[in-house]
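Novice: Sending over query-v2.pdb (PDB, C-alpha atoms (C1' of nucleotides)).
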```pdb
ATOM      1  CA  MET A   9       0.014  30.970   7.760
ATOM      2  CA  SER A  10      -1.629  31.921   4.527
ATOM      3  CA  GLU A  11      -5.132  33.332   4.361
ATOM      4  CA  GLN A  12      -6.086  30.541   1.995
ATOM      5  CA  ILE A  13      -5.356  27.888   4.606
ATOM      6  CA  LYS A  14      -7.038  29.831   7.391
ATOM      7  CA  THR A  15     -10.141  29.963   5.238
ATOM      8  CA  LEU A  16     -10.010  26.211   4.660
ATOM      9  CA  PHE A  17     -10.108  25.571   8.407
ATOM     10  CA  GLU A  18     -13.040  27.904   8.878
ATOM     11  CA  GLU A  19     -15.015  26.608   5.920
ATOM     12  CA  HIS A  20     -14.708  23.022   7.066
ATOM     13  CA  ASP A  21     -15.140  23.668  10.756
ATOM     14  CA  ILE A  22     -11.769  22.188  11.626
ATOM     15  CA  LYS A  23      -9.975  23.309  14.754
ATOM     16  CA  PHE A  24      -6.779  25.198  14.022
ATOM     17  CA  THR A  25      -3.512  23.672  15.206
ATOM     18  CA  THR A  26       0.076  24.317  14.190
ATOM     19  CA  ALA A  27       0.452  20.698  13.096
ATOM     20  CA  ARG A  28      -2.510  20.951  10.753
ATOM     21  CA  SER A  29      -1.572  24.229   9.191
ATOM     22  CA  SER A  30       1.949  22.969   8.678
ATOM     23  CA  ILE A  31       0.714  19.968   6.680
ATOM     24  CA  LEU A  32      -1.557  22.070   4.501
ATOM     25  CA  GLU A  33       1.172  24.660   3.986
ATOM     26  CA  VAL A  34       3.414  21.984   2.481
ATOM     27  CA  LEU A  35       0.668  20.548   0.285
ATOM     28  CA  LYS A  36      -0.185  24.034  -0.948
ATOM     29  CA  GLU A  37       3.394  24.721  -1.999
ATOM     30  CA  ALA A  38       3.897  21.364  -3.679
ATOM     31  CA  HIS A  39       2.403  21.115  -7.105
ATOM     32  CA  HIS A  40       2.300  17.353  -7.180
ATOM     33  CA  PRO A  41       1.323  14.618  -4.707
ATOM     34  CA  LEU A  42       3.644  13.838  -1.797
ATOM     35  CA  ASN A  43       3.918  10.911   0.612
ATOM     36  CA  TYR A  44       4.397  11.062   4.399
ATOM     37  CA  GLU A  45       8.192  11.045   4.244
ATOM     38  CA  GLN A  46       8.307  13.819   1.681
ATOM     39  CA  ILE A  47       5.862  15.968   3.597
ATOM     40  CA  LYS A  48       7.734  15.346   6.862
ATOM     41  CA  GLU A  49      10.959  16.611   5.302
ATOM     42  CA  LYS A  50       9.352  19.834   4.151
ATOM     43  CA  MET A  51       7.353  20.570   7.290
ATOM     44  CA  SER A  52       8.414  23.380   9.568
ATOM     45  CA  VAL A  53       7.217  21.612  12.695
ATOM     46  CA  VAL A  54       7.991  18.121  13.965
ATOM     47  CA  MET A  55       5.038  15.871  14.642
ATOM     48  CA  ASP A  56       4.433  12.220  15.346
ATOM     49  CA  LYS A  57       3.349  10.101  12.409
ATOM     50  CA  ALA A  58       0.180   9.170  14.290
ATOM     51  CA  THR A  59      -0.686  12.852  14.432
ATOM     52  CA  PHE A  60       0.131  13.251  10.782
ATOM     53  CA  TYR A  61      -2.054  10.382   9.626
ATOM     54  CA  ARG A  62      -4.927  11.357  11.911
ATOM     55  CA  ASN A  63      -4.892  14.875  10.560
ATOM     56  CA  ILE A  64      -4.696  13.670   6.994
ATOM     57  CA  ALA A  65      -7.712  11.457   7.711
ATOM     58  CA  LYS A  66      -9.566  14.501   8.989
ATOM     59  CA  PHE A  67      -8.685  16.491   5.887
ATOM     60  CA  GLU A  68      -9.828  13.652   3.696
ATOM     61  CA  GLU A  69     -13.140  13.401   5.508
ATOM     62  CA  SER A  70     -13.696  17.082   4.840
ATOM     63  CA  GLY A  71     -12.681  16.682   1.228
ATOM     64  CA  ILE A  72      -9.754  19.091   1.566
ATOM     65  CA  VAL A  73      -7.164  16.460   0.738
ATOM     66  CA  HIS A  74      -7.210  13.635  -1.724
ATOM     67  CA  LYS A  75      -5.057  10.520  -1.419
ATOM     68  CA  PHE A  76      -4.113   7.586  -3.573
ATOM     69  CA  GLU A  77      -1.663   4.716  -3.585
ATOM     70  CA  ALA A  78       1.271   4.708  -5.965
ATOM     71  CA  ASP A  79       3.065   1.454  -6.710
ATOM     72  CA  ASP A  80       5.340   1.661  -3.681
ATOM     73  CA  ARG A  81       2.867   0.776  -0.927
ATOM     74  CA  LYS A  82       2.732   4.389   0.184
ATOM     75  CA  TRP A  83      -0.121   6.879   0.234
ATOM     76  CA  TYR A  84       0.300  10.072  -1.735
ATOM     77  CA  PHE A  85      -1.542  13.220  -0.754
ATOM     78  CA  GLU A  86      -2.514  16.430  -2.513
ATOM     79  CA  LEU A  87      -4.970  19.246  -2.043
ATOM     80  CA  SER A  88      -8.261  18.391  -3.690
ATOM     81  CA  SER A  89      -8.903  20.033  -7.008
ATOM     82  CA  THR A  90     -10.677  19.093 -10.203
ATOM     83  CA  THR A  91     -10.395  15.415 -11.046
ATOM     84  CA  HIS A  92      -7.204  14.824 -12.944
ATOM     85  CA  ALA A  93      -4.940  11.875 -13.577
ATOM     86  CA  HIS A  94      -1.533  11.013 -12.180
ATOM     87  CA  PHE A  95       1.179   9.395 -14.191
ATOM     88  CA  ILE A  96       3.635   7.339 -12.148
ATOM     89  CA  CYS A  97       6.865   6.368 -13.854
ATOM     90  CA  GLU A  98       7.974   2.872 -12.895
ATOM     91  CA  HIS A  99      11.586   3.823 -13.519
ATOM     92  CA  CYS A 100      12.171   7.254 -12.012
ATOM     93  CA  HIS A 101       9.122   7.095  -9.695
ATOM     94  CA  GLN A 102       8.239  10.656 -10.571
ATOM     95  CA  ILE A 103       4.552  11.463 -10.198
ATOM     96  CA  THR A 104       3.105  14.013 -12.560
ATOM     97  CA  CYS A 105      -0.377  15.403 -12.860
ATOM     98  CA  ILE A 106      -1.910  15.118 -16.308
ATOM     99  CA  ASP A 107      -5.205  15.860 -17.953
ATOM    100  CA  VAL A 108      -6.936  12.997 -19.648
ATOM    101  CA  ASP A 109     -10.205  12.753 -21.422
ATOM    102  CA  LEU A 110     -11.763   9.482 -20.366
ATOM    103  CA  GLY A 111     -14.796   9.605 -22.535
ATOM    104  CA  LYS A 112     -17.764   7.987 -20.877
ATOM    105  CA  VAL A 113     -17.245   5.833 -17.787
ATOM    106  CA  GLU A 114     -20.084   4.458 -15.736
ATOM    107  CA  GLY A 115     -20.121   5.495 -12.095
ATOM    108  CA  GLU A 116     -18.389   8.425 -10.443
ATOM    109  CA  VAL A 117     -14.638   8.632 -10.943
ATOM    110  CA  LYS A 118     -12.636  10.213  -8.138
ATOM    111  CA  SER A 119      -9.083   9.293  -9.002
ATOM    112  CA  ILE A 120      -7.142   8.110 -12.007
ATOM    113  CA  VAL A 121      -3.671   6.624 -11.822
ATOM    114  CA  LEU A 122      -1.644   5.678 -14.866
ATOM    115  CA  LYS A 123       1.570   3.716 -14.564
ATOM    116  CA  GLY A 124       4.253   3.100 -17.109
ATOM    117  CA  THR A 125       7.372   4.697 -18.454
ATOM    118  CA  CYS A 126       7.544   8.461 -18.732
ATOM    119  CA  LYS A 127       8.904  10.141 -21.825
ATOM    120  CA  GLU A 128      12.229  10.926 -20.113
ATOM    121  CA  CYS A 129      12.842   7.290 -19.177
ATOM    122  CA  HIS A 130      11.454   5.874 -22.407
ATOM    123  CA  VAL A 131      14.251   4.901 -24.794
TER     124      VAL A 131
ATOM    125  CA  MET B  22      -3.042 -28.488 -16.399
ATOM    126  CA  SER B  23      -4.224 -26.728 -19.499
ATOM    127  CA  GLU B  24      -2.204 -26.679 -22.693
ATOM    128  CA  GLN B  25      -2.309 -22.902 -22.623
ATOM    129  CA  ILE B  26      -0.442 -22.771 -19.343
ATOM    130  CA  LYS B  27       2.036 -25.440 -20.369
ATOM    131  CA  THR B  28       2.826 -23.346 -23.405
ATOM    132  CA  LEU B  29       3.347 -20.250 -21.255
ATOM    133  CA  PHE B  30       6.023 -22.058 -19.232
ATOM    134  CA  GLU B  31       7.799 -23.227 -22.356
ATOM    135  CA  GLU B  32       7.634 -19.912 -24.136
ATOM    136  CA  HIS B  33       9.109 -18.053 -21.197
ATOM    137  CA  ASP B  34      11.651 -20.679 -20.251
ATOM    138  CA  ILE B  35      10.208 -21.106 -16.775
ATOM    139  CA  LYS B  36      10.667 -24.373 -14.944
ATOM    140  CA  PHE B  37       7.430 -26.239 -14.348
ATOM    141  CA  THR B  38       6.256 -26.775 -10.763
ATOM    142  CA  THR B  39       2.845 -27.625  -9.349
ATOM    143  CA  ALA B  40       2.857 -24.405  -7.323
ATOM    144  CA  ARG B  41       3.376 -22.311 -10.430
ATOM    145  CA  SER B  42       0.803 -24.011 -12.569
ATOM    146  CA  SER B  43      -1.714 -23.757  -9.766
ATOM    147  CA  ILE B  44      -1.302 -19.986  -9.574
ATOM    148  CA  LEU B  45      -1.643 -19.533 -13.315
ATOM    149  CA  GLU B  46      -4.637 -21.864 -13.417
ATOM    150  CA  VAL B  47      -6.480 -19.625 -10.981
ATOM    151  CA  LEU B  48      -5.553 -16.446 -12.825
ATOM    152  CA  LYS B  49      -6.683 -17.997 -16.091
ATOM    153  CA  GLU B  50     -10.110 -18.866 -14.695
ATOM    154  CA  ALA B  51     -10.653 -15.508 -13.027
ATOM    155  CA  HIS B  52     -11.741 -12.782 -15.344
ATOM    156  CA  HIS B  53     -10.716  -9.954 -13.102
ATOM    157  CA  PRO B  54      -7.673  -9.189 -10.916
ATOM    158  CA  LEU B  55      -7.222 -11.058  -7.653
ATOM    159  CA  ASN B  56      -5.079 -10.492  -4.578
ATOM    160  CA  TYR B  57      -3.007 -13.060  -2.679
ATOM    161  CA  GLU B  58      -5.803 -14.054  -0.299
ATOM    162  CA  GLN B  59      -8.298 -14.533  -3.092
ATOM    163  CA  ILE B  60      -5.904 -16.606  -5.155
ATOM    164  CA  LYS B  61      -4.951 -18.691  -2.113
ATOM    165  CA  GLU B  62      -8.602 -19.570  -1.521
ATOM    166  CA  LYS B  63      -9.075 -20.743  -5.066
ATOM    167  CA  MET B  64      -5.834 -22.665  -5.417
ATOM    168  CA  SER B  65      -5.892 -26.438  -5.462
ATOM    169  CA  VAL B  66      -2.527 -26.743  -3.734
ATOM    170  CA  VAL B  67      -1.326 -25.183  -0.504
ATOM    171  CA  MET B  68       1.835 -23.143  -0.693
ATOM    172  CA  ASP B  69       3.728 -20.753   1.479
ATOM    173  CA  LYS B  70       3.177 -17.063   0.806
ATOM    174  CA  ALA B  71       6.895 -16.640   0.191
ATOM    175  CA  THR B  72       6.614 -19.178  -2.606
ATOM    176  CA  PHE B  73       3.564 -17.428  -3.948
ATOM    177  CA  TYR B  74       5.148 -14.001  -4.064
ATOM    178  CA  ARG B  75       8.423 -15.285  -5.487
ATOM    179  CA  ASN B  76       6.588 -17.068  -8.259
ATOM    180  CA  ILE B  77       4.459 -14.039  -8.983
ATOM    181  CA  ALA B  78       7.659 -11.997  -9.192
ATOM    182  CA  LYS B  79       8.998 -14.474 -11.719
ATOM    183  CA  PHE B  80       5.817 -14.261 -13.791
ATOM    184  CA  GLU B  81       5.981 -10.510 -13.723
ATOM    185  CA  GLU B  82       9.589 -10.504 -14.879
ATOM    186  CA  SER B  83       8.562 -12.628 -17.831
ATOM    187  CA  GLY B  84       5.602 -10.406 -18.543
ATOM    188  CA  ILE B  85       3.074 -13.208 -18.026
ATOM    189  CA  VAL B  86       1.412 -11.502 -15.093
ATOM    190  CA  HIS B  87       0.605  -7.889 -14.440
ATOM    191  CA  LYS B  88       0.118  -6.414 -10.987
ATOM    192  CA  PHE B  89      -1.178  -3.178  -9.507
ATOM    193  CA  GLU B  90      -2.132  -1.764  -6.139
ATOM    194  CA  ALA B  91      -5.755  -1.108  -5.332
ATOM    195  CA  ASP B  92      -6.652   1.210  -2.468
ATOM    196  CA  ASP B  93      -6.347  -1.464   0.214
ATOM    197  CA  ARG B  94      -2.565  -1.801   0.373
ATOM    198  CA  LYS B  95      -2.741  -5.109  -1.469
ATOM    199  CA  TRP B  96      -1.354  -6.176  -4.815
ATOM    200  CA  TYR B  97      -3.783  -7.408  -7.423
ATOM    201  CA  PHE B  98      -2.689  -9.807 -10.125
ATOM    202  CA  GLU B  99      -4.009 -10.806 -13.530
ATOM    203  CA  LEU B 100      -2.704 -12.453 -16.664
ATOM    204  CA  SER B 101      -1.205  -9.876 -18.973
ATOM    205  CA  SER B 102      -3.369  -8.866 -21.875
ATOM    206  CA  THR B 103      -3.924  -5.728 -23.869
ATOM    207  CA  THR B 104      -3.710  -2.573 -21.782
ATOM    208  CA  HIS B 105      -7.055  -1.873 -20.215
ATOM    209  CA  ALA B 106      -8.272   0.038 -17.193
ATOM    210  CA  HIS B 107      -9.542  -1.139 -13.831
ATOM    211  CA  PHE B 108     -12.319   0.523 -11.948
ATOM    212  CA  ILE B 109     -12.172   0.063  -8.175
ATOM    213  CA  CYS B 110     -15.293   0.938  -6.240
ATOM    214  CA  GLU B 111     -14.484   2.579  -2.917
ATOM    215  CA  HIS B 112     -17.712   1.251  -1.441
ATOM    216  CA  CYS B 113     -18.111  -2.348  -2.560
ATOM    217  CA  HIS B 114     -14.397  -2.825  -3.393
ATOM    218  CA  GLN B 115     -15.319  -4.641  -6.576
ATOM    219  CA  ILE B 116     -12.693  -4.414  -9.289
ATOM    220  CA  THR B 117     -13.908  -4.404 -12.857
ATOM    221  CA  CYS B 118     -12.010  -4.259 -16.110
ATOM    222  CA  ILE B 119     -13.093  -1.476 -18.438
ATOM    223  CA  ASP B 120     -12.041  -0.056 -21.753
ATOM    224  CA  VAL B 121     -11.126   3.582 -21.841
ATOM    225  CA  ASP B 122      -9.872   5.784 -24.575
ATOM    226  CA  LEU B 123      -7.193   7.959 -23.059
ATOM    227  CA  GLY B 124      -6.465  10.098 -26.023
ATOM    228  CA  LYS B 125      -2.816  11.033 -26.248
ATOM    229  CA  VAL B 126      -0.587  10.542 -23.227
ATOM    230  CA  GLU B 127       3.155  11.073 -23.312
ATOM    231  CA  GLY B 128       5.229   8.063 -22.379
ATOM    232  CA  GLU B 129       4.248   4.415 -22.379
ATOM    233  CA  VAL B 130       1.201   3.514 -20.294
ATOM    234  CA  LYS B 131       1.163   0.047 -18.743
ATOM    235  CA  SER B 132      -1.653   0.259 -16.256
ATOM    236  CA  ILE B 133      -4.670   2.435 -15.583
ATOM    237  CA  VAL B 134      -6.588   2.443 -12.327
ATOM    238  CA  LEU B 135      -9.731   4.460 -11.762
ATOM    239  CA  LYS B 136     -11.260   4.806  -8.324
ATOM    240  CA  GLY B 137     -14.628   6.090  -7.300
ATOM    241  CA  THR B 138     -18.165   4.882  -6.879
ATOM    242  CA  CYS B 139     -19.515   2.256  -9.247
ATOM    243  CA  LYS B 140     -22.936   2.573 -10.788
ATOM    244  CA  GLU B 141     -24.411  -0.006  -8.374
ATOM    245  CA  CYS B 142     -23.243   1.892  -5.290
ATOM    246  CA  HIS B 143     -23.953   5.328  -6.730
ATOM    247  CA  VAL B 144     -27.188   6.768  -5.373
TER     248      VAL B 144
ATOM    249  C1'  DT C  22      -7.476  37.069  32.281
ATOM    250  C1'  DA C  23      -8.400  32.520  34.385
ATOM    251  C1'  DA C  24     -10.996  28.206  34.389
ATOM    252  C1'  DT C  25     -12.938  24.590  31.677
ATOM    253  C1'  DC C  26     -13.229  20.631  28.693
ATOM    254  C1'  DA C  27     -13.537  18.485  24.305
ATOM    255  C1'  DA C  28     -10.405  17.693  21.017
ATOM    256  C1'  DA C  29      -5.525  17.120  19.495
ATOM    257  C1'  DT C  30      -0.997  15.419  20.493
ATOM    258  C1'  DG C  31       3.130  12.241  21.551
ATOM    259  C1'  DC C  32       4.558   7.963  22.734
ATOM    260  C1'  DA C  33       4.786   3.206  22.462
ATOM    261  C1'  DA C  34       2.944  -0.886  21.205
ATOM    262  C1'  DC C  35       0.604  -3.071  17.540
ATOM    263  C1'  DT C  36      -1.010  -4.806  12.721
ATOM    264  C1'  DT C  37      -0.324  -6.908   8.445
ATOM    265  C1'  DA C  38       0.960  -7.378   3.449
ATOM    266  C1'  DG C  39       4.804  -8.484   1.653
ATOM    267  C1'  DT C  40      10.166  -9.829   1.874
ATOM    268  C1'  DT C  41      14.381 -12.385   2.979
ATOM    269  C1'  DG C  42      17.640 -16.133   4.684
ATOM    270  C1'  DT C  43      18.427 -20.860   4.868
ATOM    271  C1'  DG C  44      18.521 -25.752   4.746
ATOM    272  C1'  DA C  45      15.716 -29.448   2.573
ATOM    273  C1'  DC C  46      13.602 -30.960  -1.524
ATOM    274  C1'  DT C  47      12.226 -31.170  -6.846
ATOM    275  C1'  DT C  48      12.880 -30.937 -11.495
ATOM    276  C1'  DA C  49      15.111 -31.332 -16.005
ATOM    277  C1'  DG C  50      18.785 -33.179 -18.343
ATOM    278  C1'  DA C  51      22.823 -36.305 -18.903
TER     279       DA C  51
ATOM    280  C1'  DT D   4      19.442 -43.263 -11.935
ATOM    281  C1'  DC D   5      22.488 -39.397 -10.716
ATOM    282  C1'  DT D   6      23.463 -34.572 -10.339
ATOM    283  C1'  DA D   7      23.314 -29.623 -10.271
ATOM    284  C1'  DA D   8      20.524 -25.856 -10.492
ATOM    285  C1'  DG D   9      16.549 -24.094  -9.156
ATOM    286  C1'  DT D  10      12.405 -24.179  -6.000
ATOM    287  C1'  DC D  11      10.234 -24.952  -1.717
ATOM    288  C1'  DA D  12       8.631 -24.400   3.381
ATOM    289  C1'  DC D  13       9.508 -22.366   7.518
ATOM    290  C1'  DA D  14      10.532 -18.759  10.412
ATOM    291  C1'  DA D  15      12.152 -14.427  11.245
ATOM    292  C1'  DC D  16      11.966  -9.910   9.516
ATOM    293  C1'  DT D  17      10.456  -5.118   7.423
ATOM    294  C1'  DA D  18       8.006  -0.944   7.247
ATOM    295  C1'  DA D  19       3.869   1.933   6.300
ATOM    296  C1'  DG D  20       0.242   2.874   8.618
ATOM    297  C1'  DT D  21      -3.024   2.258  12.983
ATOM    298  C1'  DT D  22      -4.589   2.207  17.792
ATOM    299  C1'  DG D  23      -4.826   3.010  22.973
ATOM    300  C1'  DC D  24      -3.969   6.014  26.384
ATOM    301  C1'  DA D  25      -2.094   9.659  29.334
ATOM    302  C1'  DT D  26      -0.865  14.460  28.617
ATOM    303  C1'  DT D  27      -1.308  18.916  26.423
ATOM    304  C1'  DT D  28      -3.587  22.504  23.714
ATOM    305  C1'  DG D  29      -6.763  25.876  22.149
ATOM    306  C1'  DA D  30     -11.694  27.725  21.623
ATOM    307  C1'  DT D  31     -15.260  28.998  24.847
ATOM    308  C1'  DT D  32     -17.326  30.780  28.871
ATOM    309  C1'  DA D  33     -17.146  33.152  33.220
TER     310       DA D  33
END
```
Any chance you could put this one into structure tokens?
Specialist:
Amino acid sequence: MSEQIKTLFEEHDIKFTTARSSILEVLKEAHHPLNYEQIKEKMSVVMDKATFYRNIAKFEESGIVHKFEADDRKWYFELSSTTHAHFICEHCHQITCIDVDLGKVEGEVKSIVLKGTCKECHV
Amino acid sequence: MSEQIKTLFEEHDIKFTTARSSILEVLKEAHHPLNYEQIKEKMSVVMDKATFYRNIAKFEESGIVHKFEADDRKWYFELSSTTHAHFICEHCHQITCIDVDLGKVEGEVKSIVLKGTCKECHV
DNA sequence: TAATCAAATGCAACTTAGTTGTGACTTAGA
DNA sequence: TCTAAGTCACAACTAAGTTGCATTTGATTA
């Protein structure tokens, strides 16, 4: 387990378990949001989906992980970082992180999701 | 039925039915996106959810209606108009339409969803 | 190191928005 | 009015995510 992840557990007063570190390990390696299925495939340990979702909920509560819905009725997860936008292509379903300048928006924005056709799929 | 809706059916070569006009009537009156339950409540006729979703699918195909997922695992529908953003408050779950200036984004953007805390809920 | 106990896990059953198959019924057009 | 193509209601289904509960695990204390 990486030092970075160990520190996350300590900072947020979360009990260490192999299941939890395995989830965070995957999210740390990925550089874009992943859903349950994708994370499951990459994880080194096998765990029940109930365990997965409960741990994700814990991470969310602590602000370690951020989640959002794409257009496929699935939750996508990523390690929290500065607020940035996600572009979801309706054709290839690829999710990419992008920087956008919103200008002024009233209220506090926590997530931004754009949908459409990415430049690869756009004719 | 309003002339506007009658015209929509003709323009898009969609067969007229009471179920269909009832759905569009509700969407026309609403000035923000609604989900199935909300539309059902407001509709003057009773229809099966299968009928509802199949008709919505038809409208989408024709580009009359636009849909997106909020953060509650439900689809929200509205009449298509110029591309604008939706702000979903994580506290009061109110969905509001807002104008944002995205600057340059590669690809073609069809929908923009912002989530966070609206100014009413923000302390 | 062993005992303790709150917290985490696995399993199975459940929830629910949305989807699909099918036979009966409408609608538009001749 | 008659007919074919399309639409409808009903019921059964799908699947991501949730919940209850008995068992296991890991941080803490002795």
Novice: Compile a residue-level contact table for chain A against chain D at a cut-off of 9 Å, reporting for every qualifying residue the shortest atom pair and its distance in Å to one decimal, with only C-alpha atoms (C1' of nucleotides) counted, rows ordered by chain and ascending number, as CSV.
Specialist:
```
residue,atom,partner,partner_atom,distance
A:Lys23,CA,D:DA30,C1',8.3
A:Phe24,CA,D:DG29,C1',8.2
A:Thr25,CA,D:DG29,C1',8.0
A:Lys57,CA,D:DG20,C1',8.7
A:Ala58,CA,D:DT21,C1',7.7
A:Tyr61,CA,D:DG20,C1',7.9
A:Arg81,CA,D:DA19,C1',7.4
A:Lys82,CA,D:DA19,C1',6.7
A:Trp83,CA,D:DA19,C1',8.8
```
Novice: Could you tell me which of B:Asn56, B:Ala40, B:Leu48, B:Thr28 comes closest to Glu90 (chain B) if we count all atoms listed in the file?
Specialist: B:Asn56
Novice: Let's have chain A fitted on chain B; use all the C-alpha atoms paired in order for the least-squares step and return it as a CSV table (one decimal) with C-alpha atoms, in the coordinates of the input.
Specialist:
```csv
chain,number,residue,atom,x,y,z
A,9,MET,CA,-3.1,-28.5,-16.4
A,10,SER,CA,-4.3,-26.8,-19.5
A,11,GLU,CA,-2.3,-26.7,-22.7
A,12,GLN,CA,-2.4,-22.9,-22.6
A,13,ILE,CA,-0.5,-22.8,-19.3
A,14,LYS,CA,2.0,-25.5,-20.4
A,15,THR,CA,2.8,-23.3,-23.4
A,16,LEU,CA,3.3,-20.3,-21.3
A,17,PHE,CA,6.0,-22.1,-19.3
A,18,GLU,CA,7.7,-23.3,-22.4
A,19,GLU,CA,7.6,-19.9,-24.2
A,20,HIS,CA,9.1,-18.1,-21.2
A,21,ASP,CA,11.6,-20.7,-20.3
A,22,ILE,CA,10.2,-21.1,-16.8
A,23,LYS,CA,10.6,-24.4,-14.9
A,24,PHE,CA,7.4,-26.2,-14.4
A,25,THR,CA,6.2,-26.8,-10.8
A,26,THR,CA,2.8,-27.6,-9.3
A,27,ALA,CA,2.8,-24.4,-7.3
A,28,ARG,CA,3.4,-22.3,-10.4
A,29,SER,CA,0.8,-24.0,-12.6
A,30,SER,CA,-1.7,-23.8,-9.8
A,31,ILE,CA,-1.3,-20.0,-9.6
A,32,LEU,CA,-1.7,-19.5,-13.3
A,33,GLU,CA,-4.7,-21.9,-13.4
A,34,VAL,CA,-6.5,-19.6,-11.0
A,35,LEU,CA,-5.6,-16.4,-12.8
A,36,LYS,CA,-6.7,-18.0,-16.1
A,37,GLU,CA,-10.1,-18.9,-14.7
A,38,ALA,CA,-10.7,-15.5,-13.0
A,39,HIS,CA,-11.8,-12.8,-15.3
A,40,HIS,CA,-10.7,-10.0,-13.1
A,41,PRO,CA,-7.7,-9.2,-10.9
A,42,LEU,CA,-7.2,-11.1,-7.6
A,43,ASN,CA,-5.1,-10.5,-4.6
A,44,TYR,CA,-3.0,-13.1,-2.7
A,45,GLU,CA,-5.8,-14.1,-0.3
A,46,GLN,CA,-8.3,-14.5,-3.1
A,47,ILE,CA,-5.9,-16.6,-5.1
A,48,LYS,CA,-4.9,-18.7,-2.1
A,49,GLU,CA,-8.6,-19.6,-1.5
A,50,LYS,CA,-9.0,-20.8,-5.0
A,51,MET,CA,-5.8,-22.7,-5.4
A,52,SER,CA,-5.8,-26.5,-5.5
A,53,VAL,CA,-2.5,-26.7,-3.7
A,54,VAL,CA,-1.2,-25.2,-0.5
A,55,MET,CA,1.9,-23.1,-0.7
A,56,ASP,CA,3.8,-20.7,1.5
A,57,LYS,CA,3.2,-17.0,0.8
A,58,ALA,CA,6.9,-16.6,0.2
A,59,THR,CA,6.7,-19.1,-2.6
A,60,PHE,CA,3.6,-17.4,-3.9
A,61,TYR,CA,5.2,-14.0,-4.1
A,62,ARG,CA,8.4,-15.3,-5.5
A,63,ASN,CA,6.6,-17.1,-8.3
A,64,ILE,CA,4.5,-14.0,-9.0
A,65,ALA,CA,7.7,-12.0,-9.2
A,66,LYS,CA,9.0,-14.5,-11.8
A,67,PHE,CA,5.8,-14.3,-13.8
A,68,GLU,CA,6.0,-10.5,-13.7
A,69,GLU,CA,9.6,-10.5,-14.9
A,70,SER,CA,8.5,-12.6,-17.9
A,71,GLY,CA,5.6,-10.4,-18.6
A,72,ILE,CA,3.1,-13.2,-18.0
A,73,VAL,CA,1.4,-11.5,-15.1
A,74,HIS,CA,0.6,-7.9,-14.5
A,75,LYS,CA,0.1,-6.4,-11.0
A,76,PHE,CA,-1.2,-3.2,-9.5
A,77,GLU,CA,-2.1,-1.8,-6.2
A,78,ALA,CA,-5.8,-1.1,-5.3
A,79,ASP,CA,-6.6,1.2,-2.5
A,80,ASP,CA,-6.3,-1.5,0.2
A,81,ARG,CA,-2.6,-1.8,0.4
A,82,LYS,CA,-2.7,-5.1,-1.4
A,83,TRP,CA,-1.3,-6.2,-4.8
A,84,TYR,CA,-3.8,-7.4,-7.4
A,85,PHE,CA,-2.7,-9.8,-10.1
A,86,GLU,CA,-4.0,-10.8,-13.5
A,87,LEU,CA,-2.7,-12.5,-16.7
A,88,SER,CA,-1.2,-9.9,-19.0
A,89,SER,CA,-3.4,-8.8,-21.9
A,90,THR,CA,-3.9,-5.7,-23.9
A,91,THR,CA,-3.7,-2.5,-21.8
A,92,HIS,CA,-7.0,-1.8,-20.2
A,93,ALA,CA,-8.2,0.1,-17.2
A,94,HIS,CA,-9.5,-1.1,-13.8
A,95,PHE,CA,-12.3,0.5,-12.0
A,96,ILE,CA,-12.2,0.1,-8.2
A,97,CYS,CA,-15.3,0.9,-6.3
A,98,GLU,CA,-14.5,2.6,-2.9
A,99,HIS,CA,-17.8,1.3,-1.5
A,100,CYS,CA,-18.1,-2.4,-2.6
A,101,HIS,CA,-14.4,-2.8,-3.4
A,102,GLN,CA,-15.3,-4.6,-6.6
A,103,ILE,CA,-12.7,-4.4,-9.3
A,104,THR,CA,-13.9,-4.4,-12.9
A,105,CYS,CA,-12.0,-4.3,-16.1
A,106,ILE,CA,-13.0,-1.5,-18.5
A,107,ASP,CA,-12.0,-0.1,-21.8
A,108,VAL,CA,-11.1,3.6,-21.8
A,109,ASP,CA,-9.8,5.8,-24.6
A,110,LEU,CA,-7.1,8.0,-23.1
A,111,GLY,CA,-6.4,10.1,-26.1
A,112,LYS,CA,-2.8,11.1,-26.2
A,113,VAL,CA,-0.6,10.6,-23.2
A,114,GLU,CA,3.1,11.1,-23.3
A,115,GLY,CA,5.2,8.1,-22.3
A,116,GLU,CA,4.3,4.5,-22.3
A,117,VAL,CA,1.2,3.6,-20.2
A,118,LYS,CA,1.2,0.1,-18.7
A,119,SER,CA,-1.6,0.3,-16.2
A,120,ILE,CA,-4.6,2.5,-15.5
A,121,VAL,CA,-6.6,2.5,-12.3
A,122,LEU,CA,-9.7,4.5,-11.8
A,123,LYS,CA,-11.3,4.8,-8.3
A,124,GLY,CA,-14.7,6.1,-7.4
A,125,THR,CA,-18.2,4.9,-6.9
A,126,CYS,CA,-19.5,2.2,-9.3
A,127,LYS,CA,-23.0,2.5,-10.8
A,128,GLU,CA,-24.4,-0.1,-8.4
A,129,CYS,CA,-23.3,1.8,-5.4
A,130,HIS,CA,-24.0,5.3,-6.8
A,131,VAL,CA,-27.3,6.7,-5.5
```
Novice: Around (2.3, 11.5, 18.6), as given in the file, which residues come within 8 Å? Count all atoms listed in the file and list them as a list of chain:residue names.
Specialist: A:Met55, A:Asp56, A:Lys57, A:Ala58, A:Thr59, C:DT30, C:DG31, C:DC32
Novice: Given the file shown, enumerate the residues that the PyMOL selection byres ((chain A and resi 101) around 12) captures and present them as an MDAnalysis selection string.
Specialist: chainID A and resid 41:42 78:80 94:100 102:104 123:126 128:129
Novice: Taking only C-alpha atoms (C1' of nucleotides) into account, which of B:Glu62, B:Asp34, B:Cys118, B:Glu99 comes nearest chain C?
Specialist: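 Residue with the minimum atom-to-atom distance to chain C: B:Asp34.
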